[in-house]
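One structure is given here, and the rest of the page talks about it.
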Amino acid sequence: MSYIVLARKYRPRNFTEMVGQEHVVQALTNALTQQRLHHAYLFTGTRGVGKTTVSRILAKSLNCQGPDGQGGITATPCGVCSACTDIDSGRFPDYTELDAASNRGVDEVQSLLEQAVYKPVQGRFKVFMIDEVHMLTNTAFNAMLKTLEEPPEYLKFVLATTDPQKVPVTVLSRCLQFNLRPMAPETVLSHLTQVLASENVSAEPQALRLLSRAARGSMRDALSLTDQAIAFGSGQLQEAAVRQMLGAVDRSYVFRLIDALAQGDGKTVVETSDTLRLNGLSAASTLEEMSAVLQRMAVYQAVPQMAGAVDADDPEAAETARLAALMPADETQLLYSLCLHGRGELGLAPDEYAALTMVLLRLLAFKPQGEPAEKKTLTRPETARSGPTPAVLAVPATVAAALTTHLVRTVTAPAPQALAAAAAPVPAAQTLPAATASERAPSLVQDTSSKSADSSEPPPWPGSDEPGASASTASVTTALPVRTTGRFEQNQRSTQSVQAQSAPEFVAIPVRESPEPGERLQPLPLSAPIPVSARYTPTEEGEVWHSAVQQLVAAEAISALVRELALQSQLVARDAGHWLLRVERESLNQPQARERLRAALEAAGHASQISVELGVVIDSPARRNAAAAAERQRVAEDIVMNDPYVQSLVRDYGAKIVPGSIKPA
């Protein structure tokens, strides 16, 4: 006798043998008992959950004649009458199964419907079962609509599909729909245990758990995998053999990884990843197993009662409960999301194990070490210090407390302890550079030691990164940090030192300057005002620098990044052979660009040395050129708008000038 596979041998023969679909069994059992029968049923669900099995059991229930031949419609078919045995063997004349995947045309459906006009030959009802009904064509669906809506009283339709979204709503509305759910691993495990006990096959519990999870809710897949595992293990089911057959990752590696991530042990994480590489275990399977474990951990963390009631015979459940108590809930959720998204990154990386390591180390990158991490900002402290220098309010120490209180309410709003620290007297005058919020805490005013008057170093300029004194005689002053030629004149040291000593105590409070709104470049309408990018404040040094840059550009002595550096910079101060420039963007301040600009200036006879700083630019060649272009555009538009002929066209014929179409000559 030929061998019958487990999936066919243990196919349920009645509703009592069905597992995992109690909601469908209860509804059909009550309907059969009360004789409340619908004319069309639609069973949906994934593969291997029992759609065809339920259809056959329903056909037997409708046509069962009982052991004595006197039976009627019942929810418990006898299984011994001719109708039951013939339906099980597939030769009952009044039960027709049509595979719509291979018979999807209108001709096949019409051939089936032609049999509907004839009464049952042997049974009580004709039952038409159409499997994978979503594969039918639209014409085939339309051909069966009328019969499906009002079939003869002896005809029942049973439709089955794995994709109900593809079934027309006109068909769905004519059917009683049941959704067969994927089976839980525990349900599959229980059924496999009973099947293997009937087959007298020894099996380890962990091997059955692996098969239950690998089935992914399909009982047919579970039984097929069990058949394969029995053959692979020579009649026995052992965990190592089943794991090797499935290619599954040993969860001991998964537990080791999660434990190391919970403790912040990056070394163990990398070593475990290398072990997975050496053993040839799948990185995708590793992330999949980690996702499953993390999901159970999240459940245990949300419902601690479940963690206390884990099965003692399942060592994996106990280890999962231990890790759930070890890892914080927020890190569990973060790691779960990283594992899910990391599976999609494996194909993008040149090496899937390198991608796996990066996914695992990503949690350590976000994991706070020791004390809680500071609030992250988009601007790093070093970037803030190298950015444009803010305006500085220099005030006497006697009014520092009142002014600080007013400023922090409108600008920074710090904690109360910051106000108290700001009100404290400062022993020496100072200037604070731009700083991030983390650098300003815990106080707005910080003490810095002032340099002695006889220091050999020149005094620092206002707004520089070097702490120093800011000399001023006004009671309250607001000043932009503009450097002067005094930097290059060594004979000014003594005068500045005396002024720093004799000046009253000042406290420098940084004020954040907000950029002007509306600075985005937009098409200029007619008679538009000068844009912000074209506004500048004329300076004496700016005229000299503009002429020099125009000369270099005309001679093509500079190009690319060097030309941009020259056009976007402002000449702040100069002496015989040293020019000081200022730019707003750090990307322009490159060593190679500075050197090439210096060489071009030296070749043109201007300066042999240049220095470039970061700060606010108010007069640059680019701004002057933009202002000149805007003025030419305005003059050209005025000429056109004031032309009598143009005015007559606009007045008499409703003509309009297209914005942006006027170009200066």
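If you're wondering about the labels, chains in the structure tokens are A, B, ... by order shown, residues count from 1 in each chain, ligands from 1 in order shown.
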Contacts of Phe92 (chain A) at 9 Å or less, counting only C-alpha atoms, minus same-chain residues fewer than 6 places along, as a tab-separated table (two decimals) with C-alpha atoms, in the first residue's frame?
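Full text of part03.tsv as output:
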chain	number	residue	atom	x	y	z
A	82	SER	CA	-22.13	6.14	0.75
A	83	ALA	CA	-22.44	9.92	0.50
A	84	CYS	CA	-19.76	10.54	3.16
A	85	THR	CA	-17.31	8.00	1.79
A	86	ASP	CA	-17.79	9.11	-1.80
A	122	GLN	CA	-27.78	10.63	-5.55
A	123	GLY	CA	-27.60	13.18	-2.77
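Neighbours of Val169 (chain A) closer than or equal to 12 Å, with only C-alpha atoms counted and sequence neighbours fewer than 5 positions away skipped, come out as His134, Asn138, Phe141, Asn142, Leu145, Pro164, Arg174, Cys175 and Gln177 of chain A.
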message: Just want the 8 Å neighbourhood of Arg124 (chain A), counted on only C-alpha atoms, with same-chain residues fewer than 3 positions away dropped. Output as number ranges by chain.
response: A: 62-63, 120, 154
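Here the question is which of A:Val117, A:Tyr41, A:Glu316, A:Ser102 gets nearest to Val171 (chain A) using only C-alpha atoms, and that residue is A:Tyr41.
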query: Could you name the residues that touch Ala622 (chain A) at 9 Å or less, counting only C-alpha atoms, but leaving out those on the same chain fewer than 3 positions away, as a list in words?
result: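 So the residues in contact are Ser533, Ala534, His546, Glu564, Ala566, Leu567, Gln568, Ser569, Asp619, Asn625, Ala626 and Ala627 of chain A.
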task: For each of A:Lys656, A:Arg582, A:His341, A:Lys60, take the minimum atom-to-atom distance to Glu541 (chain A), counting only C-alpha atoms, then give the residue where this is smallest.
output: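 The answer is A:Arg582, which sits nearest to Glu541 (chain A).
Between CA of Leu348 (chain A) and CA of Thr275 (chain A) the interatomic distance comes to 21.9 Å.
Across the model, the gap from CA of Glu543 (chain A) to CA of Arg574 (chain A) is 12.8 Å.
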query: Using only C-alpha atoms, which residues sit within 12 Å of Asp227 (chain A) once same-chain residues fewer than 3 positions away are excluded, as number ranges by chain?
result: A: 3-9, 192, 195-196, 199, 201, 211, 220-224, 230-237, 242, 245
Those residues with N, CA and C atoms, as a PDB file, in the first residue's frame please?
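For reference, result-v1.pdb as written:
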ATOM      1  N   TYR A   3       2.265   5.042   0.620  1.00  0.00           N
ATOM      2  CA  TYR A   3       2.268   5.884   1.819  1.00  0.00           C
ATOM      3  C   TYR A   3       1.396   7.113   1.601  1.00  0.00           C
ATOM      4  N   ILE A   4       0.602   7.455   2.579  1.00  0.00           N
ATOM      5  CA  ILE A   4      -0.245   8.654   2.538  1.00  0.00           C
ATOM      6  C   ILE A   4       0.415   9.711   3.416  1.00  0.00           C
ATOM      7  N   VAL A   5       0.661  10.872   2.864  1.00  0.00           N
ATOM      8  CA  VAL A   5       1.330  11.932   3.617  1.00  0.00           C
ATOM      9  C   VAL A   5       0.452  12.361   4.789  1.00  0.00           C
ATOM     10  N   LEU A   6       1.099  12.939   5.786  1.00  0.00           N
ATOM     11  CA  LEU A   6       0.371  13.302   7.012  1.00  0.00           C
ATOM     12  C   LEU A   6      -0.699  14.345   6.742  1.00  0.00           C
ATOM     13  N   ALA A   7      -0.449  15.278   5.800  1.00  0.00           N
ATOM     14  CA  ALA A   7      -1.425  16.335   5.541  1.00  0.00           C
ATOM     15  C   ALA A   7      -2.729  15.776   4.988  1.00  0.00           C
ATOM     16  N   ARG A   8      -2.667  14.674   4.247  1.00  0.00           N
ATOM     17  CA  ARG A   8      -3.886  14.057   3.718  1.00  0.00           C
ATOM     18  C   ARG A   8      -4.440  13.017   4.681  1.00  0.00           C
ATOM     19  N   LYS A   9      -3.547  12.305   5.326  1.00  0.00           N
ATOM     20  CA  LYS A   9      -4.005  11.246   6.235  1.00  0.00           C
ATOM     21  C   LYS A   9      -4.769  11.803   7.415  1.00  0.00           C
ATOM     22  N   LEU A 192       0.369  18.727  16.334  1.00  0.00           N
ATOM     23  CA  LEU A 192       1.504  17.899  15.932  1.00  0.00           C
ATOM     24  C   LEU A 192       1.829  16.852  16.989  1.00  0.00           C
ATOM     25  N   VAL A 195      -0.620  14.053  16.464  1.00  0.00           N
ATOM     26  CA  VAL A 195      -0.358  13.301  15.236  1.00  0.00           C
ATOM     27  C   VAL A 195       0.845  12.384  15.402  1.00  0.00           C
ATOM     28  N   LEU A 196       1.936  12.887  15.985  1.00  0.00           N
ATOM     29  CA  LEU A 196       3.138  12.074  16.156  1.00  0.00           C
ATOM     30  C   LEU A 196       2.929  10.979  17.185  1.00  0.00           C
ATOM     31  N   GLU A 199       1.354   8.295  15.264  1.00  0.00           N
ATOM     32  CA  GLU A 199       2.309   7.677  14.346  1.00  0.00           C
ATOM     33  C   GLU A 199       3.449   6.973  15.070  1.00  0.00           C
ATOM     34  N   VAL A 201       6.022   8.284  16.628  1.00  0.00           N
ATOM     35  CA  VAL A 201       7.285   8.928  16.280  1.00  0.00           C
ATOM     36  C   VAL A 201       7.742   9.749  17.474  1.00  0.00           C
ATOM     37  N   LEU A 211       9.077  23.562  14.327  1.00  0.00           N
ATOM     38  CA  LEU A 211       8.161  23.273  13.227  1.00  0.00           C
ATOM     39  C   LEU A 211       6.900  24.124  13.321  1.00  0.00           C
ATOM     40  N   ARG A 220      -1.357  22.676   7.196  1.00  0.00           N
ATOM     41  CA  ARG A 220      -0.852  21.813   6.128  1.00  0.00           C
ATOM     42  C   ARG A 220       0.662  21.945   5.993  1.00  0.00           C
ATOM     43  N   ASP A 221       1.177  23.182   6.097  1.00  0.00           N
ATOM     44  CA  ASP A 221       2.626  23.365   6.049  1.00  0.00           C
ATOM     45  C   ASP A 221       3.305  22.686   7.228  1.00  0.00           C
ATOM     46  N   ALA A 222       2.676  22.741   8.399  1.00  0.00           N
ATOM     47  CA  ALA A 222       3.259  22.100   9.579  1.00  0.00           C
ATOM     48  C   ALA A 222       3.357  20.591   9.398  1.00  0.00           C
ATOM     49  N   LEU A 223       2.313  19.982   8.864  1.00  0.00           N
ATOM     50  CA  LEU A 223       2.339  18.533   8.648  1.00  0.00           C
ATOM     51  C   LEU A 223       3.316  18.156   7.540  1.00  0.00           C
ATOM     52  N   SER A 224       3.428  18.991   6.507  1.00  0.00           N
ATOM     53  CA  SER A 224       4.387  18.705   5.442  1.00  0.00           C
ATOM     54  C   SER A 224       5.822  18.814   5.955  1.00  0.00           C
ATOM     55  N   ILE A 230      10.767  14.001   9.632  1.00  0.00           N
ATOM     56  CA  ILE A 230      10.847  12.573   9.965  1.00  0.00           C
ATOM     57  C   ILE A 230      11.795  11.865   9.005  1.00  0.00           C
ATOM     58  N   ALA A 231      11.690  12.208   7.733  1.00  0.00           N
ATOM     59  CA  ALA A 231      12.599  11.596   6.766  1.00  0.00           C
ATOM     60  C   ALA A 231      14.037  12.061   6.987  1.00  0.00           C
ATOM     61  N   PHE A 232      14.229  13.339   7.339  1.00  0.00           N
ATOM     62  CA  PHE A 232      15.567  13.876   7.557  1.00  0.00           C
ATOM     63  C   PHE A 232      16.214  13.251   8.780  1.00  0.00           C
ATOM     64  N   GLY A 233      15.429  13.003   9.816  1.00  0.00           N
ATOM     65  CA  GLY A 233      15.963  12.458  11.062  1.00  0.00           C
ATOM     66  C   GLY A 233      15.848  10.964  11.196  1.00  0.00           C
ATOM     67  N   SER A 234      15.563  10.272  10.110  1.00  0.00           N
ATOM     68  CA  SER A 234      15.470   8.798  10.119  1.00  0.00           C
ATOM     69  C   SER A 234      14.438   8.315  11.126  1.00  0.00           C
ATOM     70  N   GLY A 235      13.266   8.931  11.101  1.00  0.00           N
ATOM     71  CA  GLY A 235      12.184   8.479  11.958  1.00  0.00           C
ATOM     72  C   GLY A 235      12.139   9.147  13.311  1.00  0.00           C
ATOM     73  N   GLN A 236      13.021  10.101  13.591  1.00  0.00           N
ATOM     74  CA  GLN A 236      13.029  10.814  14.868  1.00  0.00           C
ATOM     75  C   GLN A 236      13.087  12.317  14.609  1.00  0.00           C
ATOM     76  N   LEU A 237      12.530  13.063  15.553  1.00  0.00           N
ATOM     77  CA  LEU A 237      12.544  14.521  15.461  1.00  0.00           C
ATOM     78  C   LEU A 237      13.412  15.066  16.586  1.00  0.00           C
ATOM     79  N   VAL A 242      16.237  19.218  13.137  1.00  0.00           N
ATOM     80  CA  VAL A 242      15.178  20.077  12.609  1.00  0.00           C
ATOM     81  C   VAL A 242      15.702  21.477  12.353  1.00  0.00           C
ATOM     82  N   MET A 245      17.667  21.367   9.216  1.00  0.00           N
ATOM     83  CA  MET A 245      16.799  21.234   8.046  1.00  0.00           C
ATOM     84  C   MET A 245      16.136  22.560   7.698  1.00  0.00           C
TER      85      MET A 245
END
task: Any chance you could list, as a PyMOL selection string, the residues in region 169-354 of chain A that come up strand (DSSP E or B) when DSSP is run on the backbone?
output: chain A and resi 176-179+203+237
message: Applying 12 Å and only C-alpha atoms, which residues near Leu281 (chain A) remain after dropping the ones on its own chain fewer than 6 positions away? List them as a VMD selection string.
response: chain A and resid 243 to 244 246 to 251 253 to 254 272 to 275 287 289 352 to 353 356
Export, as a tab-separated table (two decimals), in the first residue's frame, the selected residues with N, CA and C atoms.
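File produced: selection23.tsv:
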chain	number	residue	atom	x	y	z
A	243	ARG	N	16.54	21.97	13.25
A	243	ARG	CA	17.11	23.31	13.05
A	243	ARG	C	17.99	23.33	11.81
A	244	GLN	N	18.76	22.28	11.61
A	244	GLN	CA	19.61	22.21	10.42
A	244	GLN	C	18.76	22.12	9.16
A	246	LEU	N	15.67	23.28	8.71
A	246	LEU	CA	14.97	24.55	8.47
A	246	LEU	C	15.93	25.69	8.20
A	247	GLY	N	17.21	25.52	8.56
A	247	GLY	CA	18.15	26.63	8.44
A	247	GLY	C	17.86	27.74	9.44
A	248	ALA	N	17.25	27.38	10.55
A	248	ALA	CA	16.87	28.37	11.56
A	248	ALA	C	18.07	28.70	12.44
A	249	VAL	N	18.06	29.90	12.97
A	249	VAL	CA	19.12	30.36	13.86
A	249	VAL	C	18.81	29.88	15.27
A	250	ASP	N	19.83	29.32	15.91
A	250	ASP	CA	19.68	28.90	17.30
A	250	ASP	C	19.35	30.13	18.16
A	251	ARG	N	18.28	30.05	18.90
A	251	ARG	CA	17.87	31.21	19.69
A	251	ARG	C	18.83	31.53	20.82
A	253	TYR	N	21.86	32.24	20.29
A	253	TYR	CA	22.56	33.41	19.74
A	253	TYR	C	21.70	34.66	19.89
A	254	VAL	N	20.42	34.50	19.65
A	254	VAL	CA	19.52	35.65	19.76
A	254	VAL	C	19.47	36.16	21.20
A	272	THR	N	29.45	37.83	18.58
A	272	THR	CA	28.34	36.95	18.23
A	272	THR	C	28.00	37.06	16.75
A	273	SER	N	28.05	38.26	16.22
A	273	SER	CA	27.80	38.43	14.79
A	273	SER	C	28.85	37.70	13.96
A	274	ASP	N	30.11	37.76	14.38
A	274	ASP	CA	31.16	37.02	13.67
A	274	ASP	C	30.95	35.52	13.77
A	275	THR	N	30.44	35.04	14.92
A	275	THR	CA	30.15	33.62	15.06
A	275	THR	C	29.05	33.18	14.10
A	287	LEU	N	17.54	38.33	12.41
A	287	LEU	CA	16.68	39.47	12.70
A	287	LEU	C	15.23	39.04	12.88
A	289	GLU	N	14.19	36.09	14.08
A	289	GLU	CA	14.07	35.47	15.41
A	289	GLU	C	14.15	36.53	16.50
A	352	GLU	N	25.79	41.08	4.06
A	352	GLU	CA	24.62	41.05	4.94
A	352	GLU	C	25.02	40.95	6.40
A	353	TYR	N	26.18	40.36	6.69
A	353	TYR	CA	26.61	40.28	8.09
A	353	TYR	C	27.09	41.64	8.59
A	356	LEU	N	23.97	43.35	9.36
A	356	LEU	CA	23.44	42.86	10.63
A	356	LEU	C	24.16	43.51	11.80
Taking the chain letters and numbering used in this document, name the residues of region 43-142 of chain A that DSSP puts in alpha helix (DSSP H), as a JSON list (two decimals) with C-alpha atoms, in the first residue's frame.
[["chain", "number", "residue", "atom", "x", "y", "z"],
["A", 51, "LYS", "CA", -10.99, 26.10, 3.41],
["A", 52, "THR", "CA", -11.35, 22.98, 1.25],
["A", 53, "THR", "CA", -11.72, 20.79, 4.33],
["A", 54, "VAL", "CA", -14.64, 22.86, 5.63],
["A", 55, "SER", "CA", -16.25, 22.72, 2.20],
["A", 56, "ARG", "CA", -16.12, 18.93, 2.12],
["A", 57, "ILE", "CA", -17.40, 18.58, 5.66],
["A", 58, "LEU", "CA", -20.27, 20.95, 4.82],
["A", 59, "ALA", "CA", -21.11, 18.88, 1.71],
["A", 60, "LYS", "CA", -21.16, 15.69, 3.83],
["A", 61, "SER", "CA", -23.37, 17.35, 6.44],
["A", 62, "LEU", "CA", -25.89, 18.33, 3.75],
["A", 63, "ASN", "CA", -25.99, 14.91, 2.09],
["A", 82, "SER", "CA", -22.13, 6.14, 0.75],
["A", 83, "ALA", "CA", -22.44, 9.92, 0.50],
["A", 84, "CYS", "CA", -19.76, 10.54, 3.16],
["A", 85, "THR", "CA", -17.31, 8.00, 1.79],
["A", 86, "ASP", "CA", -17.79, 9.11, -1.80],
["A", 87, "ILE", "CA", -17.23, 12.77, -0.92],
["A", 88, "ASP", "CA", -14.05, 11.87, 0.98],
["A", 89, "SER", "CA", -12.79, 9.86, -1.97],
["A", 106, "VAL", "CA", -16.34, 31.95, -18.99],
["A", 107, "ASP", "CA", -16.65, 28.65, -20.88],
["A", 108, "GLU", "CA", -15.69, 26.58, -17.84],
["A", 109, "VAL", "CA", -18.11, 28.49, -15.61],
["A", 110, "GLN", "CA", -20.96, 28.14, -18.10],
["A", 111, "SER", "CA", -20.27, 24.40, -18.37],
["A", 112, "LEU", "CA", -20.56, 24.16, -14.59],
["A", 113, "LEU", "CA", -23.75, 26.21, -14.46],
["A", 138, "ASN", "CA", -14.69, 39.38, -14.99],
["A", 139, "THR", "CA", -16.75, 37.74, -17.72],
["A", 140, "ALA", "CA", -16.86, 34.49, -15.75],
["A", 141, "PHE", "CA", -17.98, 36.36, -12.63],
["A", 142, "ASN", "CA", -20.72, 38.10, -14.59]]
